[in-house]
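What's in data.txt: compact mmCIF, C-alpha atoms
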```
# COMPACT_ATOMS: atom_id res chain seq x y z
CA MET A 1 65.31 163.27 -69.07
CA ASN A 2 61.96 165.00 -68.72
CA ALA A 3 63.86 168.22 -68.08
CA TRP A 4 65.71 167.75 -71.37
CA CYS A 5 62.44 167.20 -73.25
CA MET A 6 60.94 170.22 -71.52
CA TYR A 7 63.33 172.53 -73.35
CA ASP A 8 61.70 171.49 -76.62
CA TRP A 9 58.39 172.58 -75.10
CA ALA A 10 60.04 175.88 -74.15
CA ASN A 11 61.80 176.88 -77.37
CA SER A 12 59.48 175.54 -80.09
CA VAL A 13 57.13 178.51 -79.63
CA PHE A 14 59.77 180.67 -81.33
CA ALA A 15 59.90 178.47 -84.41
CA LEU A 16 56.13 178.47 -84.83
CA THR A 17 54.93 181.88 -83.63
CA ILE A 18 57.88 184.12 -84.53
CA THR A 19 59.59 182.48 -87.48
CA THR A 20 56.57 181.08 -89.27
CA ALA A 21 53.16 182.31 -88.17
CA ILE A 22 52.46 185.67 -86.52
CA PHE A 23 55.64 187.75 -86.91
CA PRO A 24 55.96 187.52 -90.73
CA VAL A 25 52.32 188.58 -91.18
CA TYR A 26 52.63 191.38 -88.61
CA PHE A 27 55.86 192.61 -90.22
CA ASN A 28 54.13 192.88 -93.58
CA LEU A 29 51.29 194.91 -92.00
CA VAL A 30 53.31 197.44 -89.99
CA ALA A 31 56.52 197.82 -92.02
CA LYS A 32 55.43 200.91 -93.97
CA GLY A 33 57.20 204.02 -95.16
CA GLU A 34 56.29 207.53 -94.04
CA ASP A 35 53.95 207.81 -97.03
CA GLY A 36 52.16 204.61 -96.04
CA SER A 37 53.72 202.58 -98.88
CA PRO A 38 55.35 199.18 -98.27
CA TYR A 39 58.79 200.61 -99.15
CA ILE A 40 61.05 201.11 -96.14
CA PRO A 41 64.71 202.06 -95.53
CA PHE A 42 67.09 199.12 -95.33
CA LEU A 43 70.91 199.17 -95.28
CA GLY A 44 71.12 202.57 -96.91
CA THR A 45 68.51 201.85 -99.60
CA VAL A 46 64.72 201.69 -99.85
CA LYS A 47 63.22 198.21 -100.33
CA HIS A 48 59.79 196.61 -100.32
CA SER A 49 58.92 195.27 -96.86
CA SER A 50 58.71 191.68 -98.15
CA VAL A 51 62.25 192.00 -99.55
CA VAL A 52 63.48 193.40 -96.23
CA PHE A 53 61.94 190.51 -94.30
CA THR A 54 63.48 188.00 -96.70
CA TRP A 55 66.92 189.59 -96.32
CA SER A 56 66.46 189.53 -92.54
CA VAL A 57 65.94 185.75 -92.68
CA SER A 58 69.07 185.44 -94.85
CA ILE A 59 71.16 187.51 -92.43
CA ALA A 60 69.92 185.53 -89.43
CA PHE A 61 70.84 182.18 -90.97
CA LEU A 62 74.15 183.51 -92.27
CA ILE A 63 75.10 184.34 -88.67
CA ILE A 64 73.82 180.94 -87.53
CA ALA A 65 75.75 179.10 -90.27
CA PHE A 66 78.96 180.85 -89.21
CA LEU A 67 78.39 180.27 -85.49
CA SER A 68 77.31 176.61 -85.71
CA PRO A 69 80.78 175.07 -86.18
CA ILE A 70 82.21 177.27 -83.39
CA LEU A 71 79.41 176.31 -81.01
CA SER A 72 79.71 172.63 -81.93
CA GLY A 73 83.38 172.67 -80.98
CA ILE A 74 82.59 174.32 -77.64
CA ALA A 75 79.71 171.90 -76.99
CA ASP A 76 81.95 168.91 -77.66
CA SER A 77 84.37 170.12 -75.01
CA GLY A 78 81.64 169.42 -72.47
CA GLY A 79 82.72 172.02 -69.95
CA ARG A 80 80.32 174.92 -70.44
CA LYS A 81 77.20 173.51 -72.09
CA LYS A 82 74.73 174.94 -69.58
CA ALA A 83 76.39 178.36 -69.39
CA PHE A 84 76.36 178.79 -73.17
CA MET A 85 72.85 177.36 -73.46
CA LYS A 86 71.63 179.89 -70.88
CA PHE A 87 73.30 182.74 -72.76
CA PHE A 88 71.52 181.91 -76.00
CA VAL A 89 68.19 181.32 -74.24
CA TYR A 90 68.44 184.74 -72.59
CA LEU A 91 69.45 186.35 -75.90
CA GLY A 92 66.58 184.75 -77.81
CA SER A 93 63.81 185.12 -75.24
CA VAL A 94 64.64 188.75 -74.39
CA SER A 95 64.80 189.59 -78.11
CA CYS A 96 61.32 188.10 -78.54
CA ALA A 97 60.01 190.11 -75.58
CA LEU A 98 61.46 193.32 -77.04
CA LEU A 99 59.37 192.78 -80.17
CA PHE A 100 56.52 194.09 -78.01
CA PHE A 101 57.90 197.56 -78.87
CA PHE A 102 58.02 196.86 -82.62
CA ASP A 103 55.62 198.98 -84.66
CA SER A 104 55.72 201.21 -87.75
CA HIS A 105 58.00 203.68 -85.91
CA THR A 106 60.53 201.08 -84.72
CA ILE A 107 61.07 198.92 -87.79
CA ASN A 108 64.82 198.61 -87.28
CA LEU A 109 64.22 197.37 -83.72
CA GLY A 110 61.91 194.67 -85.11
CA ILE A 111 64.50 193.52 -87.65
CA VAL A 112 67.35 193.39 -85.13
CA CYS A 113 65.28 191.58 -82.49
CA PHE A 114 64.05 189.02 -85.03
CA ILE A 115 67.64 188.28 -86.12
CA LEU A 116 68.90 188.02 -82.54
CA GLY A 117 65.95 185.82 -81.59
CA ALA A 118 66.81 183.42 -84.41
CA VAL A 119 70.47 183.35 -83.34
CA GLY A 120 69.45 182.65 -79.74
CA PHE A 121 67.13 179.85 -80.82
CA ALA A 122 69.66 178.10 -83.06
CA GLY A 123 72.55 178.62 -80.65
CA SER A 124 70.69 177.11 -77.70
CA ILE A 125 69.72 174.07 -79.79
CA VAL A 126 73.39 173.19 -80.34
CA PHE A 127 74.01 172.81 -76.60
CA TYR A 128 70.59 171.27 -75.96
CA ASN A 129 71.37 168.48 -78.44
CA ALA A 130 74.83 167.99 -76.92
CA TYR A 131 73.22 166.88 -73.65
CA LEU A 132 71.54 163.83 -75.21
CA PRO A 133 74.52 161.42 -75.04
CA GLU A 134 75.11 162.54 -71.47
CA ILE A 135 71.61 161.85 -70.12
CA ALA A 136 70.61 158.67 -71.98
CA THR A 137 72.13 155.50 -73.40
CA PRO A 138 72.16 155.14 -77.21
CA ASP A 139 69.27 152.65 -77.19
CA ARG A 140 67.03 155.37 -75.69
CA HIS A 141 68.06 158.25 -77.97
CA ASP A 142 65.34 157.73 -80.58
CA ARG A 143 62.55 157.47 -78.03
CA LEU A 144 63.78 160.46 -76.05
CA SER A 145 64.20 162.59 -79.17
CA ALA A 146 60.69 161.71 -80.30
CA LYS A 147 59.33 162.65 -76.88
CA GLY A 148 61.09 166.01 -77.03
CA PHE A 149 59.74 166.68 -80.51
CA SER A 150 56.21 165.79 -79.42
CA MET A 151 56.37 168.06 -76.39
CA GLY A 152 57.70 170.89 -78.54
CA TYR A 153 54.90 170.49 -81.03
CA ILE A 154 52.21 170.40 -78.32
CA GLY A 155 53.59 173.39 -76.47
CA SER A 156 54.00 175.57 -79.56
CA VAL A 157 50.50 174.76 -80.82
CA ILE A 158 48.93 175.53 -77.42
CA LEU A 159 50.52 178.98 -77.29
CA LEU A 160 49.72 179.70 -80.94
CA ILE A 161 46.05 178.85 -80.40
CA LEU A 162 45.94 181.19 -77.39
CA ASN A 163 47.53 183.93 -79.46
CA ILE A 164 45.12 183.35 -82.34
CA LEU A 165 42.21 183.75 -79.90
CA MET A 166 43.76 186.98 -78.67
CA LEU A 167 44.12 188.27 -82.23
CA GLU A 168 40.65 187.19 -83.29
CA MET A 169 38.75 187.99 -80.07
CA PRO A 170 40.71 190.82 -78.41
CA HIS A 171 37.65 191.91 -76.39
CA TRP A 172 37.85 188.61 -74.49
CA PHE A 173 41.17 189.85 -73.12
CA GLY A 174 40.10 193.44 -72.49
CA MET A 175 41.71 194.85 -75.65
CA ALA A 176 40.25 196.99 -78.40
CA ALA A 177 39.88 195.55 -81.90
CA GLY A 178 41.95 196.87 -84.79
CA THR A 179 45.11 197.61 -82.79
CA THR A 180 48.59 196.07 -82.88
CA LEU A 181 48.50 195.27 -79.15
CA PRO A 182 47.34 191.61 -79.46
CA ALA A 183 50.14 190.76 -81.90
CA ARG A 184 52.75 192.55 -79.79
CA ILE A 185 51.57 190.74 -76.66
CA SER A 186 51.92 187.45 -78.56
CA PHE A 187 55.63 188.25 -79.12
CA LEU A 188 55.98 189.03 -75.42
CA SER A 189 54.26 185.75 -74.56
CA VAL A 190 56.78 183.81 -76.68
CA GLY A 191 59.70 185.38 -74.83
CA ALA A 192 58.11 184.72 -71.45
CA TRP A 193 57.10 181.12 -72.30
CA TRP A 194 60.56 180.32 -73.68
CA LEU A 195 62.40 181.76 -70.68
CA LEU A 196 60.15 180.49 -67.88
CA PHE A 197 59.95 176.87 -69.04
CA SER A 198 63.71 176.87 -69.72
CA PHE A 199 64.34 177.36 -66.00
CA TYR A 200 62.95 173.88 -65.36
CA SER A 201 65.48 172.42 -67.77
CA PHE A 202 68.32 174.50 -66.36
CA TYR A 203 67.55 173.30 -62.83
CA TYR A 204 67.70 169.56 -63.62
CA LEU A 205 70.19 169.27 -66.51
CA PRO A 206 73.71 168.18 -65.47
CA ALA A 207 75.88 170.98 -64.10
CA ASP A 208 78.87 172.30 -66.01
CA ASP A 209 82.28 170.77 -65.38
CA LYS A 210 84.14 173.92 -64.43
CA THR A 211 87.48 172.11 -64.51
CA LYS A 212 87.23 172.11 -68.31
CA LYS A 213 88.10 175.41 -69.92
CA VAL A 214 87.00 176.72 -73.28
CA ASN A 215 90.05 177.54 -75.39
CA LEU A 216 90.91 178.50 -78.96
CA ASP A 217 91.47 174.88 -80.02
CA GLN A 218 87.92 173.95 -79.02
CA ILE A 219 86.51 176.98 -80.83
CA ASN A 220 88.41 175.98 -83.99
CA LYS A 221 87.43 172.33 -83.61
CA GLY A 222 84.06 172.77 -85.28
CA PHE A 223 85.58 174.32 -88.41
CA LYS A 224 88.22 171.59 -88.52
CA GLU A 225 85.49 168.94 -88.32
CA ILE A 226 83.49 170.61 -91.11
CA ASN A 227 86.63 170.67 -93.28
CA SER A 228 87.46 167.06 -92.41
CA VAL A 229 84.00 165.80 -93.35
CA PHE A 230 84.07 167.82 -96.59
CA LYS A 231 87.38 166.23 -97.59
CA SER A 232 86.14 162.73 -96.70
CA LEU A 233 83.16 163.00 -99.06
CA LYS A 234 85.40 162.15 -102.02
CA ARG A 235 85.63 158.62 -100.61
CA TYR A 236 81.83 158.33 -100.37
CA PRO A 237 80.32 159.44 -103.69
CA MET A 238 76.75 158.46 -102.81
CA LEU A 239 76.87 160.49 -99.60
CA MET A 240 78.38 163.45 -101.47
CA LEU A 241 75.66 163.36 -104.13
CA PHE A 242 72.91 163.11 -101.53
CA LEU A 243 74.27 166.14 -99.66
CA ALA A 244 74.33 168.05 -102.95
CA ALA A 245 70.68 167.11 -103.52
CA PHE A 246 69.80 168.04 -99.93
CA PHE A 247 71.58 171.38 -100.27
CA PHE A 248 69.57 172.38 -103.33
CA TYR A 249 66.14 171.16 -102.35
CA SER A 250 66.57 172.61 -98.86
CA MET A 251 67.24 175.96 -100.53
CA GLY A 252 63.89 175.70 -102.25
CA PHE A 253 61.64 174.16 -99.64
CA GLN A 254 62.93 176.00 -96.56
CA THR A 255 62.48 179.27 -98.45
CA ILE A 256 58.86 178.34 -99.16
CA MET A 257 58.29 177.54 -95.49
CA TYR A 258 59.77 180.77 -94.17
CA LEU A 259 58.10 183.04 -96.71
CA ALA A 260 54.69 181.42 -97.24
CA SER A 261 52.96 183.89 -94.91
CA ILE A 262 54.57 186.90 -96.58
CA PHE A 263 53.52 185.57 -100.00
CA GLY A 264 49.90 185.16 -98.90
CA ALA A 265 49.79 188.61 -97.33
CA ASP A 266 51.63 190.49 -100.07
CA GLU A 267 50.46 188.79 -103.26
CA LEU A 268 46.97 187.64 -102.25
CA LYS A 269 46.14 190.23 -99.56
CA LEU A 270 44.88 187.51 -97.23
CA PRO A 271 43.76 188.47 -93.71
CA GLN A 272 46.16 188.06 -90.81
CA THR A 273 44.12 185.51 -88.88
CA GLY A 274 43.54 183.35 -91.96
CA LEU A 275 47.27 183.21 -92.65
CA ILE A 276 48.10 182.25 -89.07
CA VAL A 277 45.46 179.50 -89.06
CA THR A 278 46.96 178.26 -92.33
CA ILE A 279 50.37 177.87 -90.68
CA LEU A 280 48.71 175.93 -87.86
CA ILE A 281 47.05 173.62 -90.40
CA ILE A 282 50.43 173.07 -92.08
CA GLN A 283 51.90 171.94 -88.76
CA LEU A 284 49.08 169.47 -88.18
CA VAL A 285 49.14 168.10 -91.72
CA ALA A 286 52.94 167.70 -91.54
CA ILE A 287 52.55 164.94 -88.95
CA GLY A 288 50.38 162.93 -91.31
CA GLY A 289 52.80 163.71 -94.14
CA ALA A 290 55.72 162.30 -92.17
CA TYR A 291 53.89 159.01 -91.60
CA MET A 292 52.63 158.88 -95.18
CA PHE A 293 56.07 159.32 -96.71
CA ALA A 294 57.57 156.89 -94.18
CA ALA A 295 55.08 154.26 -95.38
CA MET A 296 56.02 155.04 -98.99
CA SER A 297 59.71 154.65 -98.23
CA GLU A 298 59.09 151.13 -96.90
CA ARG A 299 57.58 150.20 -100.24
CA ILE A 300 59.74 152.04 -102.78
CA GLY A 301 62.78 153.22 -100.77
CA ASN A 302 63.88 156.56 -99.39
CA ILE A 303 65.48 157.94 -102.54
CA MET A 304 62.48 157.33 -104.77
CA THR A 305 60.14 158.70 -102.09
CA LEU A 306 62.23 161.87 -101.88
CA PHE A 307 62.24 162.01 -105.67
CA TYR A 308 58.43 162.03 -105.77
CA ALA A 309 58.33 164.59 -102.95
CA LEU A 310 60.48 166.95 -105.04
CA ILE A 311 58.19 166.47 -108.01
CA LEU A 312 55.37 167.64 -105.74
CA CYS A 313 57.53 170.65 -104.81
CA VAL A 314 57.84 171.52 -108.48
CA GLY A 315 54.05 171.33 -108.75
CA ILE A 316 53.69 173.56 -105.67
CA CYS A 317 55.89 176.26 -107.24
CA VAL A 318 54.02 176.18 -110.53
CA ALA A 319 50.64 176.25 -108.76
CA ALA A 320 51.76 179.15 -106.52
CA TRP A 321 52.44 181.27 -109.59
CA PHE A 322 48.83 180.82 -110.76
CA ILE A 323 46.81 180.99 -107.52
CA GLN A 324 44.50 183.96 -107.07
CA THR A 325 42.08 183.10 -104.25
CA ASP A 326 42.28 182.29 -100.56
CA VAL A 327 40.75 178.84 -101.11
CA GLN A 328 43.48 177.99 -103.61
CA PHE A 329 46.14 179.21 -101.15
CA TYR A 330 44.73 177.12 -98.30
CA ALA A 331 44.55 174.02 -100.50
CA LEU A 332 48.17 174.54 -101.55
CA ALA A 333 49.14 174.98 -97.88
CA VAL A 334 47.79 171.48 -97.12
CA LEU A 335 50.03 170.07 -99.85
CA VAL A 336 53.00 172.03 -98.48
CA GLY A 337 52.35 170.52 -95.05
CA LEU A 338 52.28 166.98 -96.42
CA VAL A 339 55.56 167.45 -98.27
CA MET A 340 57.17 169.26 -95.32
CA GLY A 341 56.64 166.32 -92.99
CA GLY A 342 58.06 163.85 -95.49
CA LEU A 343 61.10 165.87 -96.56
CA GLN A 344 62.21 166.76 -93.06
CA SER A 345 61.91 163.27 -91.61
CA LEU A 346 63.22 161.31 -94.60
CA SER A 347 66.17 163.59 -95.34
CA ARG A 348 67.71 163.04 -91.91
CA SER A 349 67.02 159.30 -91.83
CA THR A 350 68.37 158.80 -95.36
CA TYR A 351 71.54 160.70 -94.48
CA SER A 352 72.06 158.60 -91.34
CA LYS A 353 71.77 155.37 -93.38
CA MET A 354 74.48 156.54 -95.75
CA LEU A 355 77.05 157.50 -93.13
CA PRO A 356 80.32 155.52 -93.18
CA GLU A 357 81.30 153.34 -90.26
CA THR A 358 82.55 155.89 -87.74
CA LYS A 359 82.16 156.86 -84.12
CA ASP A 360 82.33 160.52 -85.08
CA THR A 361 78.75 160.82 -86.34
CA ALA A 362 78.42 164.20 -84.61
CA SER A 363 80.85 165.72 -87.11
CA TYR A 364 78.83 164.40 -90.05
CA PHE A 365 75.58 165.74 -88.61
CA SER A 366 77.26 169.06 -87.90
CA PHE A 367 78.12 169.20 -91.60
CA TYR A 368 74.51 168.24 -92.42
CA GLU A 369 73.22 171.17 -90.35
CA PHE A 370 75.79 173.50 -91.88
CA THR A 371 74.66 172.44 -95.36
CA GLU A 372 71.02 173.14 -94.49
CA LYS A 373 71.71 176.57 -92.97
CA THR A 374 73.85 177.79 -95.87
CA GLY A 375 71.14 176.54 -98.23
CA ILE A 376 68.55 178.66 -96.43
CA VAL A 377 70.84 181.71 -96.68
CA LEU A 378 71.29 181.32 -100.43
CA GLY A 379 67.66 180.37 -101.08
CA THR A 380 66.18 183.35 -99.25
CA ALA A 381 68.82 185.67 -100.76
CA VAL A 382 67.91 184.59 -104.30
CA PHE A 383 64.23 184.99 -103.43
CA ALA A 384 64.87 188.54 -102.17
CA VAL A 385 66.93 189.55 -105.22
CA VAL A 386 64.38 188.24 -107.75
CA THR A 387 61.50 189.90 -105.86
CA ASP A 388 63.42 193.17 -105.70
CA VAL A 389 64.37 193.15 -109.39
CA THR A 390 61.04 191.96 -110.82
CA GLY A 391 58.70 193.46 -108.22
CA SER A 392 56.78 190.20 -107.77
CA MET A 393 57.13 187.31 -105.34
CA ARG A 394 55.51 185.06 -107.95
CA ASN A 395 58.64 185.30 -110.09
CA SER A 396 60.73 184.40 -107.05
CA ILE A 397 58.61 181.29 -106.54
CA LEU A 398 59.36 180.24 -110.12
CA ALA A 399 63.08 180.84 -109.50
CA LEU A 400 62.93 178.19 -106.77
CA LEU A 401 62.16 175.63 -109.49
CA LEU A 402 65.85 175.66 -110.41
CA PHE A 403 66.75 174.42 -106.93
CA PHE A 404 64.23 171.59 -107.05
CA PHE A 405 65.37 170.52 -110.52
CA ALA A 406 68.97 170.46 -109.24
CA GLY A 407 67.82 168.36 -106.28
CA LEU A 408 66.06 165.93 -108.62
CA TYR A 409 69.19 165.64 -110.74
CA PHE A 410 71.44 164.79 -107.81
CA LEU A 411 68.92 162.32 -106.36
CA TRP A 412 68.89 160.58 -109.75
CA ARG A 413 72.70 160.43 -109.55
CA VAL A 414 72.45 158.94 -106.06
CA ARG A 415 70.30 156.14 -107.43
CA ARG A 416 72.81 155.47 -110.21
CA VAL A 417 75.74 155.32 -107.78
CA SER A 418 73.81 153.12 -105.34
CA LYS A 419 73.49 150.53 -108.10
CA SER A 420 77.05 150.69 -109.40
CA LYS A 421 79.12 151.24 -106.24
CA VAL A 422 77.55 149.01 -103.62
CA GLY A 423 79.86 148.75 -100.62
CA GLU A 424 81.56 152.16 -100.88
CA VAL A 425 79.43 153.35 -98.02
CA ARG A 426 77.61 151.54 -95.27
CA GLN A 427 74.63 151.65 -97.54
CA VAL A 428 71.34 150.03 -97.54
CA GLU A 429 70.20 148.45 -100.78
CA THR A 430 68.24 150.71 -103.10
CA ASN A 431 64.93 149.17 -102.12
CA SER A 432 65.47 150.27 -98.54
CA VAL A 433 67.28 153.58 -99.06
```
Give the structure from the file, written as structure tokens.
Amino acid sequence: MNAWCMYDWANSVFALTITTAIFPVYFNLVAKGEDGSPYIPFLGTVKHSSVVFTWSVSIAFLIIAFLSPILSGIADSGGRKKAFMKFFVYLGSVSCALLFFFDSHTINLGIVCFILGAVGFAGSIVFYNAYLPEIATPDRHDRLSAKGFSMGYIGSVILLILNILMLEMPHWFGMAAGTTLPARISFLSVGAWWLLFSFYSFYYLPADDKTKKVNLDQINKGFKEINSVFKSLKRYPMLMLFLAAFFFYSMGFQTIMYLASIFGADELKLPQTGLIVTILIIQLVAIGGAYMFAAMSERIGNIMTLFYALILCVGICVAAWFIQTDVQFYALAVLVGLVMGGLQSLSRSTYSKMLPETKDTASYFSFYEFTEKTGIVLGTAVFAVVTDVTGSMRNSILALLLFFFAGLYFLWRVRRVSKSKVGEVRQVETNSV
């Protein structure tokens, strides 16, 4: 079981260092045209670097959204979990290591490696999660999952702090100041960390059952399950409305999380180290936010707590349009961290409470993940289009308000249904949902 948790320690460095902290800031600094402007070639056109990065996130999650049902079907077959997990670990970690060669002359390499790294990360998680029922009894799942999450958080923060020191004090590591080498070494360190610690998990996790073969039916199984869950939602109106709310507010909030660094660098011209430290602060504050919103949910229920969290998201978008200074950005980042912890933890727990009586919970959670990923694709795509058309990321932030208002509307509908259709789902009363 420790080996299973260790993979969280191994892979979480990608989510923090590459997806959120250092890579977005570095991309904004080095992705320049031949004339030194932030406009670079992309898919046959010339776009602002922030637009290109946003589209790269969209493309990565579009691939992930398409692959997830296929991988879920293969994972459920149980025969080749470790082999497929290894493939995606190798794909992701090697892609991260290749970012060492990403600079202003190899922009396309940086984009491709970032996308492949994200695919490797998400693909490996599918098979990693599929091991949980195999290595622990249901009464130990919560505790084991929490342990894995904690190890992932600790590991990713340790490496990020080391990389921040390397960026801020390069002379400590024998490097000259003002070069791209510290940032590029940080990408290499993510690939090495991810791969090396994964070997521990690979060694101890259960071996593949080679008598089971992967076939076309198993590959199609994931899509069939997604379709089955989608059709079943008509019988569970409260669950359907909650997923609609989750879809829209995930569009908004996940887009904020992935593009916060780019916004600070592009709109406010904040220094690289300050932005990275801000992301670290968000991670720390998110833990307190999760506990704070959990306490609120015990008093006023999950739905109302989520409702207030979305109101805060609306305030964050409005405030982001007005901010002009680094102090204002850092203060807003603290609020983002608080809301992030609450939304992520409460959304999953609320969804689990609403599930109908079924043994096939994996299919419902597969649909949940699919909903989140497609939301990220659409949210980042809208953000990119608005930024490209208007020339300002501030206008894109305001566009996200529409997603949060839609989320608020559907959460309000959930509350109405929970009062009028008690018993249609295995629901908890409103004061505990």
What is the atom CA of A:Trp9-atom CA of A:Val157 distance in Å, reported with one decimal?
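Taking atom CA of A:Trp9 as the start and atom CA of A:Val157 as the end point, the length is 10.0 Å.
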As a compact mmCIF listing (two decimals) with C-alpha atoms, in the coordinates of the input, please: the residues near A:Leu91 (cut-off 7 Å, all atoms listed in the file, same-chain neighbours under 3 positions excluded).
```txt
# COMPACT_ATOMS: atom_id res chain seq x y z
CA PHE A 87 73.30 182.74 -72.76
CA PHE A 88 71.52 181.91 -76.00
CA VAL A 94 64.64 188.75 -74.39
CA SER A 95 64.80 189.59 -78.11
CA LEU A 116 68.90 188.02 -82.54
CA GLY A 117 65.95 185.82 -81.59
CA GLY A 120 69.45 182.65 -79.74
```
Write out, as a Markdown table, each residue of stretch 136-224 of chain A that has an atom at most 12 Å from stretch 123-128 of chain A, together with the closest pair of atoms and their distance in Å to one decimal, counting only C-alpha atoms, rows going by chain and rising number.
```
| residue | atom | partner | partner_atom | distance |
| --- | --- | --- | --- | --- |
| A:Ser145 | CA | A:Tyr128 | CA | 11.2 |
| A:Gly148 | CA | A:Tyr128 | CA | 10.9 |
| A:Trp194 | CA | A:Ser124 | CA | 11.4 |
| A:Leu195 | CA | A:Ser124 | CA | 11.8 |
| A:Ser198 | CA | A:Ser124 | CA | 10.6 |
| A:Ser201 | CA | A:Tyr128 | CA | 9.7 |
| A:Phe202 | CA | A:Tyr128 | CA | 10.4 |
| A:Leu205 | CA | A:Tyr128 | CA | 9.7 |
| A:Pro206 | CA | A:Tyr128 | CA | 11.4 |
| A:Asp208 | CA | A:Phe127 | CA | 11.7 |
| A:Gly222 | CA | A:Val126 | CA | 11.8 |
```
For A:Phe199: contacts at 12 Å, all atoms listed in the file, fewer than 3 positions along chain excluded, given as a ChimeraX atom specification
/A:3-4,6-7,9-11,82,85-86,89-90,192-196,202-205
Just how far from atom CA of A:Leu408 is atom CA of A:Val339, in Å to one decimal?
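The value is 14.8 Å.
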Closest of A:Asp266, A:Glu357, A:Glu298, A:Glu369 to A:Pro38 - atom-to-atom distances counting all atoms listed in the file:
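Among the listed residues, A:Asp266 lies closest to A:Pro38.
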Go through A:Gly301, A:Pro69, A:Gly379, A:Pro41 and flag the residue nearest A:Leu402, using all atoms listed in the file for the distances.
A:Gly379
Shortest interatomic distance to A:Phe42 - which of A:Leu338, A:Val112, A:Ile74, A:Leu16, counting only C-alpha atoms:
A:Val112
Excluding A:Asn220 and its own-chain neighbours fewer than 4 positions away, which residues fall within 7 Å of it when counting only C-alpha atoms? Please give them as a ChimeraX atom specification.
/A:70,73,216,224
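Residue nearest A:Tyr131, chosen from A:Ile262, A:Ala207, A:Ile276, A:Leu67 and counting only C-alpha atoms: A:Ala207.
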Taking the point (51.5, 165.4, -102.4) as given in the file, collect each protein or nucleic acid residue that comes within 10 Å of it, counting only C-alpha atoms, and present the set as a short mmCIF file (atom, residue, chain, number, x, y, z; two decimals) with C-alpha atoms, in the coordinates of the input.
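Final output, point.cif:
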```cif
data_model
loop_
_atom_site.label_atom_id
_atom_site.label_comp_id
_atom_site.auth_asym_id
_atom_site.auth_seq_id
_atom_site.Cartn_x
_atom_site.Cartn_y
_atom_site.Cartn_z
CA GLY A 289 52.80 163.71 -94.14
CA MET A 292 52.63 158.88 -95.18
CA PHE A 293 56.07 159.32 -96.71
CA TYR A 308 58.43 162.03 -105.77
CA ALA A 309 58.33 164.59 -102.95
CA LEU A 310 60.48 166.95 -105.04
CA ILE A 311 58.19 166.47 -108.01
CA LEU A 312 55.37 167.64 -105.74
CA CYS A 313 57.53 170.65 -104.81
CA GLY A 315 54.05 171.33 -108.75
CA ILE A 316 53.69 173.56 -105.67
CA LEU A 332 48.17 174.54 -101.55
CA VAL A 334 47.79 171.48 -97.12
CA LEU A 335 50.03 170.07 -99.85
CA VAL A 336 53.00 172.03 -98.48
CA GLY A 337 52.35 170.52 -95.05
CA LEU A 338 52.28 166.98 -96.42
CA VAL A 339 55.56 167.45 -98.27
CA MET A 340 57.17 169.26 -95.32
CA GLY A 342 58.06 163.85 -95.49
#
```
Pick the closest to A:Gly252 from A:Pro356, A:Gly36, A:Gly375, A:Gly341: which is it, counting all atoms listed in the file?
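Among A:Pro356, A:Gly36, A:Gly375, A:Gly341, it is A:Gly375 that comes nearest to A:Gly252.
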Just how far from atom CA of A:Lys32 is atom CA of A:His105, in Å to one decimal?
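Atom CA of A:Lys32 lies at a distance of 8.9 Å from atom CA of A:His105.
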Close residues, A:Gly110 itself excluded, 9 Å, all atoms listed in the file, min 3 positions apart in chain, as an mmCIF file with C-alpha atoms, keeping the file's coordinate frame:
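As written to disk, selection-v3.cif reads:
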```
data_model
loop_
_atom_site.group_PDB
_atom_site.id
_atom_site.type_symbol
_atom_site.label_atom_id
_atom_site.label_comp_id
_atom_site.auth_asym_id
_atom_site.auth_seq_id
_atom_site.Cartn_x
_atom_site.Cartn_y
_atom_site.Cartn_z
ATOM 1 C CA PHE A 27 55.860 192.610 -90.220
ATOM 2 C CA LEU A 98 61.460 193.320 -77.040
ATOM 3 C CA LEU A 99 59.370 192.780 -80.170
ATOM 4 C CA PHE A 100 56.520 194.090 -78.010
ATOM 5 C CA PHE A 101 57.900 197.560 -78.870
ATOM 6 C CA PHE A 102 58.020 196.860 -82.620
ATOM 7 C CA ASP A 103 55.620 198.980 -84.660
ATOM 8 C CA THR A 106 60.530 201.080 -84.720
ATOM 9 C CA ILE A 107 61.070 198.920 -87.790
ATOM 10 C CA CYS A 113 65.280 191.580 -82.490
ATOM 11 C CA PHE A 114 64.050 189.020 -85.030
ATOM 12 C CA ILE A 115 67.640 188.280 -86.120
#
```
Just checking: using all atoms listed in the file, which residue out of A:Pro271, A:Gly391, A:Gly191, A:Gly288 ends up closest to A:Val25?
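When distances to A:Val25 are compared using all atoms listed in the file, the smallest one comes from A:Pro271.
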Starting from the point (64.3, 182.7, -102.9), work out which residues of protein, DNA or RNA have an atom no more than 10 Å away when counting all atoms listed in the file; state them as a ChimeraX atom specification.
/A:54-55,58,251-256,259,376-387,393,395-401,403
